[in-house]
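Here the structure comes first, spelled out in structure tokens, and everything after it is commentary.
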There are 2 protein chains.
Amino acid sequence: MVSTSLKKECSEPEPMRNIKLTVEYDGSRYHGWQYQENALSVQEVLSKALKRLTGEDIIPDGAGRTDGGVHAYGQVASFRTASSIPADKFMVALNTFLPDDVSISSSTLADDSFHARFSAKGKHYRYQILNRHTRSALYANRVWHVREHLDVDAMRQAAGYFIGHHNFKAFCASGHQVKTFDRTVYESKWSQDGDLLIFDTKGDGYLYNMVRIMVGTMVDIGRGRFSPRVIEEAIASGERNNLGVTAPPSGLYLMEVYYD
Amino acid sequence: MVSTSLKKECSEPEPMRNIKLTVEYDGSRYHGWQYQENALSVQEVLSKALKRLTGEDIIPDGAGRTDGGVHAYGQVASFRTASSIPADKFMVALNTFLPDDVSISSSTLADDSFHARFSAKGKHYRYQILNRHTRSALYANRVWHVREHLDVDAMRQAAGYFIGHHNFKAFCASGHQVKTFDRTVYESKWSQDGDLLIFDTKGDGYLYNMVRIMVGTMVDIGRGRFSPRVIEEAIASGERNNLGVTAPPSGLYLMEVYYD
């Protein structure tokens with residue numbers, strides 16, 4: 001008895017493995033990624049599914065704290081676990097415990113130093129606008145419905161000004177504390193698919209509400225309220241007061257997170 | 001007093017106008033198009049919106065009695081009204097009264113003889129399959145999720161056998177009473193868009209569950225369970241017993257209804 005007990009006390013603790021998940025969700029029902037009291041979050045349903053699967057209290061870290069109503073095809077989450085479940089089995093097992101509007105598309109073993117948020121080197125966001133007179137039942141909660149005619153050429157010109165290394169202070173919701181407003185945008189372009197206007201942007205990081213302010217401003221440019229040059233001016237001045245509306249969350253999708 | 005009353009009695013009744021609507025819906029929440037006791041239908045929410053708008057008790061006729069979970073981009077409905085609301089204003093007004101998952105994309109004045117169902121000359125249905133290992137949160141309720149590898153070439157060959165004027169008794173859910181099982185299919189083809197397999201069919205009419213039985217059989221062919229030739233044989237024999245599963249409603253979309 002004594003020797004067994006001693007052996008147990010002296011044995012190494014279970015090694016904690018680091019698991020990386022790719023998470024897809026329809027954000028319509030959720031108050032965003034981040035856990036909060038009295039409101040349903042994606043992090044919470046994932047945490048509950050992990051509890052059922054492993055018995056452990058796990059709060060997975062997310063690469064991006066998407067707002068309520070924002071969707072994801074490629075959110076990344078990471079967490080440590082003492083369970084012996086093979087890394088690739090988390091995907092199938094979690095998909096049986098998660099609600100229909102959250103799914104796991106991959107689960108892999110990550111390096112011990114990996115962290116979904118701090119290791120991220122870049123992100124790809126997409127924004128979808130339905131540009132037609134009447135609203136659409138099948139696109140409800142999946143797009144921003146804009147009724148007015150939009151000058152897509154002007155919006156394309158505006159999108160070009162975002163590319164490069166800039167101070168994006170003018171494109172950050174107030175109250176957000178960051179060390180620097182400097183970000184590098186690699187891709188910023190509009191494409192069209194019938195009534196859908198699709199904006200894709202890739203960059204090394206995005207400030208709070210940055211993509212939604214970029215899109216809202218470009219839509220006001222498309223409506224003829226501003227010239228495309230306001231983007232250049234706002235980047236130079238860092239002042240938000242000249243900019244347009246913040247586009248609603250329903251049109252935004254976190255498509256992919258890049259790591260080394 | 002007497003003369004006024006007489007005048008009223010002798011006057012012509014309000015002319016009833018015939019209005020045609022194009023209706024889009026996400027069928028996930030509904031027990032189909034058709035009104036039924038104790039279950040929510042698209043016809044019922046449309047009828048309630050028409051009541052709020054016109055004050056009249058209107059049950060609009062639908063071109064196709066889509067099942068629960070089936071979606072529509074182009075369902076057509078028609079109804080008669082004594083109201084003086086201009087035909088084209090029904091669209092905007094109804095869209096303010098309808099829930100988010102039902103919308104009207106056009107409203108026009110129709111000929112007095114027009115009936116959404118009896119005047120229909122053909123229909124276009126689409127069926128979407130998500131063919132990948134893991135389920136998708138953003139496509140939940142919008143596709144049939146099929147995990148296994150599918151032989152798309154075999155499914156394309158099978159689809160070709162549907163084209164033409166045939167007796168489709170083998171592709172009709174039992175218990176359905178119709179004068180004839182003869183239908184003409186003009187188009188029947190598969191296309192691919194990433195993980196999505198999309199089946200489009202156009203024809204002069206479809207029997208009850210016909211598109212879903214066609215798709216279910218072709219998926220069993222894609223899985224290697226049957227040879228594509230079973231389609232030819234089933235059309236010739238009129239026997240359903242050799243055929244595959246009925247594909248779930250979530251992947252089916254009524255795209256368009258054709259009229260003269």
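Residues are referred to by chain and number: the chain letter is A, B, ... according to the order shown in the structure tokens, the number counts from 1 in that chain, and ligands are numbered separately from 1 in the order shown.
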RMSD after least-squares fit, chain A onto chain B [all C-alpha atoms, in order] = 0.2 Å
Restrict the distance test to only C-alpha atoms, flag each residue of chain A within 6 Å of chain B, and return the flagged residues as a list of chain:residue names.
->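 Here is what falls inside 6 Å: A:Glu24, A:Tyr25, A:Asp26, A:Asp100, A:Asp101, A:Val102, A:Ser103, A:Ser136, A:Ala137, A:Leu138.
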Show which residues sit within 10 Å of Gly222 (chain A), as a PDB file with N, CA and C atoms, in the first residue's frame. Count only C-alpha atoms, and ignore same-chain residues fewer than 6 positions away.
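Final output, saved to result-v6.pdb:
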ATOM      1  N   GLU A 148     -29.430  50.270 -51.824  1.00  0.00           N
ATOM      2  CA  GLU A 148     -29.097  51.291 -52.806  1.00  0.00           C
ATOM      3  C   GLU A 148     -28.062  50.783 -53.818  1.00  0.00           C
ATOM      4  N   HIS A 149     -28.091  51.397 -54.999  1.00  0.00           N
ATOM      5  CA  HIS A 149     -27.064  51.102 -55.997  1.00  0.00           C
ATOM      6  C   HIS A 149     -25.697  51.472 -55.442  1.00  0.00           C
ATOM      7  N   LEU A 150     -24.718  50.595 -55.647  1.00  0.00           N
ATOM      8  CA  LEU A 150     -23.362  50.868 -55.183  1.00  0.00           C
ATOM      9  C   LEU A 150     -22.413  50.990 -56.378  1.00  0.00           C
ATOM     10  N   ASP A 151     -21.570  51.980 -56.336  1.00  0.00           N
ATOM     11  CA  ASP A 151     -20.561  52.192 -57.375  1.00  0.00           C
ATOM     12  C   ASP A 151     -19.365  51.290 -57.030  1.00  0.00           C
ATOM     13  N   VAL A 152     -19.357  50.100 -57.621  1.00  0.00           N
ATOM     14  CA  VAL A 152     -18.350  49.097 -57.246  1.00  0.00           C
ATOM     15  C   VAL A 152     -16.947  49.534 -57.686  1.00  0.00           C
ATOM     16  N   ASP A 153     -16.862  50.272 -58.798  1.00  0.00           N
ATOM     17  CA  ASP A 153     -15.539  50.753 -59.225  1.00  0.00           C
ATOM     18  C   ASP A 153     -14.923  51.670 -58.166  1.00  0.00           C
ATOM     19  N   ALA A 154     -15.735  52.550 -57.599  1.00  0.00           N
ATOM     20  CA  ALA A 154     -15.233  53.443 -56.548  1.00  0.00           C
ATOM     21  C   ALA A 154     -14.822  52.635 -55.320  1.00  0.00           C
ATOM     22  N   MET A 155     -15.588  51.596 -55.005  1.00  0.00           N
ATOM     23  CA  MET A 155     -15.263  50.754 -53.841  1.00  0.00           C
ATOM     24  C   MET A 155     -13.967  49.976 -54.080  1.00  0.00           C
ATOM     25  N   ARG A 156     -13.766  49.559 -55.334  1.00  0.00           N
ATOM     26  CA  ARG A 156     -12.515  48.848 -55.669  1.00  0.00           C
ATOM     27  C   ARG A 156     -11.318  49.775 -55.514  1.00  0.00           C
ATOM     28  N   ALA A 158     -11.149  52.386 -53.579  1.00  0.00           N
ATOM     29  CA  ALA A 158     -10.982  52.599 -52.134  1.00  0.00           C
ATOM     30  C   ALA A 158     -10.248  51.428 -51.493  1.00  0.00           C
ATOM     31  N   GLY A 216     -17.833  49.448 -43.979  1.00  0.00           N
ATOM     32  CA  GLY A 216     -18.843  50.500 -43.847  1.00  0.00           C
ATOM     33  C   GLY A 216     -18.435  51.763 -44.589  1.00  0.00           C
ATOM     34  N   PRO A 228     -13.337  58.022 -52.864  1.00  0.00           N
ATOM     35  CA  PRO A 228     -12.432  56.961 -52.410  1.00  0.00           C
ATOM     36  C   PRO A 228     -11.212  57.498 -51.672  1.00  0.00           C
TER      37      PRO A 228
END
Considering only C-alpha atoms, return as a ChimeraX atom specification whatever protein or nucleic-acid residues lie within 12 Å of Pro15 (chain A), sequence-local ones (same chain, fewer than 5 positions apart) excluded.
-> /A:80-84,112
Mind checking which residues fall within 9 Å of Val70 (chain A), counting only C-alpha atoms, ignoring those fewer than 6 positions away in the same chain, and posting them as a PyMOL selection string?
-> chain A and resi 25-28+30-33+142+248-254
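Taking CA of Leu46 (chain A) and CA of Phe199 (chain A) as the two end points, the separation is 28.8 Å.
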Backbone DSSP call of strand (DSSP E or B) for region 4-243 of chain A, listed as an NGL selection string | :A and (17-25 or 36 or 39 or 61-62 or 71-81 or 102-110 or 122-131 or 144-146 or 164-167 or 182-193 or 196-203)
Find the spatial neighbours of His145 (chain A), counting only C-alpha atoms, within a cut-off of 7 Å - ignore same-chain residues fewer than 5 positions away - and output them as a PyMOL selection string.
-> chain A and resi 129-131+135
Okay, now the selection with C-alpha atoms, as an mmCIF file, in the first residue's frame?
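Dumped to part_36.cif:
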data_model
loop_
_atom_site.group_PDB
_atom_site.id
_atom_site.type_symbol
_atom_site.label_atom_id
_atom_site.label_comp_id
_atom_site.auth_asym_id
_atom_site.auth_seq_id
_atom_site.Cartn_x
_atom_site.Cartn_y
_atom_site.Cartn_z
ATOM 1 C CA ILE A 129 -23.053 42.256 -49.026
ATOM 2 C CA LEU A 130 -26.335 41.411 -50.706
ATOM 3 C CA ASN A 131 -26.907 44.342 -53.026
ATOM 4 C CA ARG A 135 -34.270 41.339 -48.620
#
Any chance you could list, as a ChimeraX atom specification, the residues in region 38-169 of chain B that come up alpha helix (DSSP H) when DSSP is run on the backbone?
-> /B:42-54,89-97,152-160
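Among B:Gly122, B:Gly160, B:Thr180, B:Gly62, the residue with the shortest atom-to-atom distance to Arg229 (chain B), counting only C-alpha atoms, is B:Gly160.
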Atomic separation - CA of Phe114 (chain B) relative to CA of Glu56 (chain B), Å | 19.9 Å
Please provide the set of residues having any atom within 8 Å of Phe162 (chain A), restricted to only C-alpha atoms, with same-chain residues fewer than 5 positions apart removed, written as number ranges by chain.
-> A: 185, 188, 231-232
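You will find CA of Glu256 (chain A) at 23.2 Å from CA of Leu40 (chain A).
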